[in-house]
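Down below is the structure, laid out as structure tokens.
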Amino acid sequence: MMESKSFPGTVDSLDSLREYIGELSQQAGLAKKPTYSLKLAVDEIATNIILYGYQEPGIEADFQVLSDITPEKLVVILEDIAAPFDPLTKELPNTQDLTLSLEERGIGGLGIFLTINGVDEFSYEYADGKNRNKFVMKIAAT
């Protein structure tokens, strides 16, 4: 059964979102490093939702965090009502870009690239008027 928690679509929510992801990771028994990676990934996508999905077009709305913990994995889904935006269609930096200095590199794309690399599975869908960014972290068998 998925748990759901709602956050206001403002930058002020990011701290409590990070805390909440930390709590979920603890409940799931996720180790420190994967917990950090998950927090980073969720933070990156949530920041995009808030700044570009909500604030830029002037939408005042909440976003939902859905979560499910099984013995094998922790699933976190960010749901928002902003315009459809698939982070995976944003051009990811290629290996050549990564060797360039920050000044030479194009703006953006890197956050999402790092984000998706840090979680075990990432997927996106637009359904029922909502963006759904799904993160999956496998829980290592101890």
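Chain labels follow the order of the structure tokens: the first chain is A, the next B, and so on; residue numbering restarts at 1 in every chain, and ligands are counted from 1 in their shown order.
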
Just the residues within 9 Å of Tyr124 (chain A), please, counting only C-alpha atoms, with nothing from its chain fewer than 4 positions along; format it as a PDB file with C-alpha atoms, in the first residue's frame.
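For reference, part_0.pdb as written:
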ATOM      1  CA  PHE A  85       8.086  17.412 -18.426  1.00  0.00           C
ATOM      2  CA  ASP A  86      10.067  14.245 -18.954  1.00  0.00           C
ATOM      3  CA  PRO A  87      13.530  14.695 -17.416  1.00  0.00           C
ATOM      4  CA  LEU A  88      14.768  11.821 -19.571  1.00  0.00           C
ATOM      5  CA  ASN A 131       3.905  14.098 -13.939  1.00  0.00           C
ATOM      6  CA  ARG A 132       5.115  10.988 -12.150  1.00  0.00           C
ATOM      7  CA  ASN A 133       8.851  10.715 -11.493  1.00  0.00           C
ATOM      8  CA  LYS A 134       9.594   7.318 -10.009  1.00  0.00           C
TER       9      LYS A 134
END

Requested in this report: Compile the contact shell of region 2-5 of chain A as a PyMOL selection string: residues with an atom at most 7 Å away, counting only C-alpha atoms, same-chain residues fewer than 2 positions apart removed.
Outcome: chain A and resi 7+64-68

Resulting file, chosen residues, N, CA and C atoms, as a compact mmCIF listing (two decimals), in the first residue's frame:
# COMPACT_ATOMS: atom_id res chain seq x y z
N PHE A 7 3.39 18.11 -0.12
CA PHE A 7 4.28 19.24 0.19
C PHE A 7 3.88 20.44 -0.66
N GLN A 64 2.96 15.72 -4.52
CA GLN A 64 2.79 14.55 -3.66
C GLN A 64 4.04 13.69 -3.71
N VAL A 65 4.32 13.08 -2.56
CA VAL A 65 5.37 12.07 -2.51
C VAL A 65 4.69 10.76 -2.13
N LEU A 66 4.72 9.82 -3.07
CA LEU A 66 4.15 8.50 -2.81
C LEU A 66 5.31 7.56 -2.52
N SER A 67 5.14 6.68 -1.55
CA SER A 67 6.24 5.77 -1.24
C SER A 67 5.72 4.39 -0.91
N ASP A 68 6.56 3.42 -1.16
CA ASP A 68 6.24 2.04 -0.87
C ASP A 68 7.53 1.34 -0.47

Query raised in the report: In region 4-103 of chain A, what's helix (DSSP H, G or I) per DSSP? Answer as an MDAnalysis selection string?
Result: chainID A and resid 13:28 32:55 87:89 95:99

Report task. Find the residues around Gly129 (chain A) up to 9 Å (only C-alpha atoms counted), leave out those fewer than 6 positions away in its own chain, and share them as a ChimeraX atom specification. Result -> /A:80-84

For N, CA, C and O atoms, I'd like the residues from the last selection saved as a PDB file, in the first residue's frame.
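Final output, saved to part-v1.pdb:
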ATOM      1  N   ASP A  80       3.277  15.679  -9.616  1.00  0.00           N
ATOM      2  CA  ASP A  80       2.948  17.106  -9.639  1.00  0.00           C
ATOM      3  C   ASP A  80       1.995  17.392 -10.783  1.00  0.00           C
ATOM      4  O   ASP A  80       1.828  16.576 -11.686  1.00  0.00           O
ATOM      5  N   ILE A  81       1.359  18.561 -10.718  1.00  0.00           N
ATOM      6  CA  ILE A  81       0.373  18.916 -11.737  1.00  0.00           C
ATOM      7  C   ILE A  81       0.901  19.967 -12.709  1.00  0.00           C
ATOM      8  O   ILE A  81       0.142  20.637 -13.404  1.00  0.00           O
ATOM      9  N   ALA A  82       2.225  20.126 -12.763  1.00  0.00           N
ATOM     10  CA  ALA A  82       2.824  21.074 -13.700  1.00  0.00           C
ATOM     11  C   ALA A  82       2.668  20.552 -15.126  1.00  0.00           C
ATOM     12  O   ALA A  82       2.232  19.421 -15.341  1.00  0.00           O
ATOM     13  N   ALA A  83       3.058  21.370 -16.101  1.00  0.00           N
ATOM     14  CA  ALA A  83       3.036  20.946 -17.500  1.00  0.00           C
ATOM     15  C   ALA A  83       3.890  19.697 -17.658  1.00  0.00           C
ATOM     16  O   ALA A  83       4.869  19.530 -16.937  1.00  0.00           O
ATOM     17  N   PRO A  84       3.529  18.814 -18.579  1.00  0.00           N
ATOM     18  CA  PRO A  84       4.307  17.593 -18.757  1.00  0.00           C
ATOM     19  C   PRO A  84       5.776  17.897 -18.999  1.00  0.00           C
ATOM     20  O   PRO A  84       6.106  18.739 -19.818  1.00  0.00           O
TER      21      PRO A  84
END

Report task. Just the strand (DSSP E) stuff from region 5-35 of chain A, please, per backbone DSSP, written as number ranges by chain. Result -> A: 5-8

Selection from above, N, CA and C atoms, as an mmCIF file, in the first residue's frame, can you write it?
data_model
loop_
_atom_site.group_PDB
_atom_site.id
_atom_site.type_symbol
_atom_site.label_atom_id
_atom_site.label_comp_id
_atom_site.auth_asym_id
_atom_site.auth_seq_id
_atom_site.Cartn_x
_atom_site.Cartn_y
_atom_site.Cartn_z
ATOM 1 N N LYS A 5 2.316 11.665 0.968
ATOM 2 C CA LYS A 5 2.517 12.874 1.761
ATOM 3 C C LYS A 5 2.574 14.058 0.809
ATOM 4 N N SER A 6 1.941 15.126 1.228
ATOM 5 C CA SER A 6 1.829 16.301 0.375
ATOM 6 C C SER A 6 2.764 17.415 0.840
ATOM 7 N N PHE A 7 3.391 18.112 -0.116
ATOM 8 C CA PHE A 7 4.278 19.237 0.190
ATOM 9 C C PHE A 7 3.882 20.443 -0.657
ATOM 10 N N PRO A 8 3.913 21.645 -0.081
ATOM 11 C CA PRO A 8 3.655 22.840 -0.890
ATOM 12 C C PRO A 8 4.725 22.987 -1.966
#

Report task. State, in Å with one decimal place, the distance from CA of Asp62 (chain A) to CA of Gly9 (chain A). Result ->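 One can read the CA of Asp62 (chain A) to CA of Gly9 (chain A) distance as 4.7 Å.
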
Query - Ile112 (chain A) environment, 8 Å, only C-alpha atoms, sequence neighbours closer than 5 positions dropped, as a PyMOL selection string - result: chain A and resi 41+44-45+87+92

Query raised in the report: CA of Asp15 (chain A) and CA of Val42 (chain A), how far apart in Å?
Result: 11.5 Å

Query - Selection: 12 Å around Ala28 (chain A), only C-alpha atoms, excl. self and same-chain fewer than 5 positions, as a PyMOL selection string - result: chain A and resi 21-23+34-35+67-76+136-141

Query raised in the report: What does the distance from CA of Ser37 (chain A) to CA of Gly118 (chain A) come to in Å, to one decimal?
Result: 5.2 Å
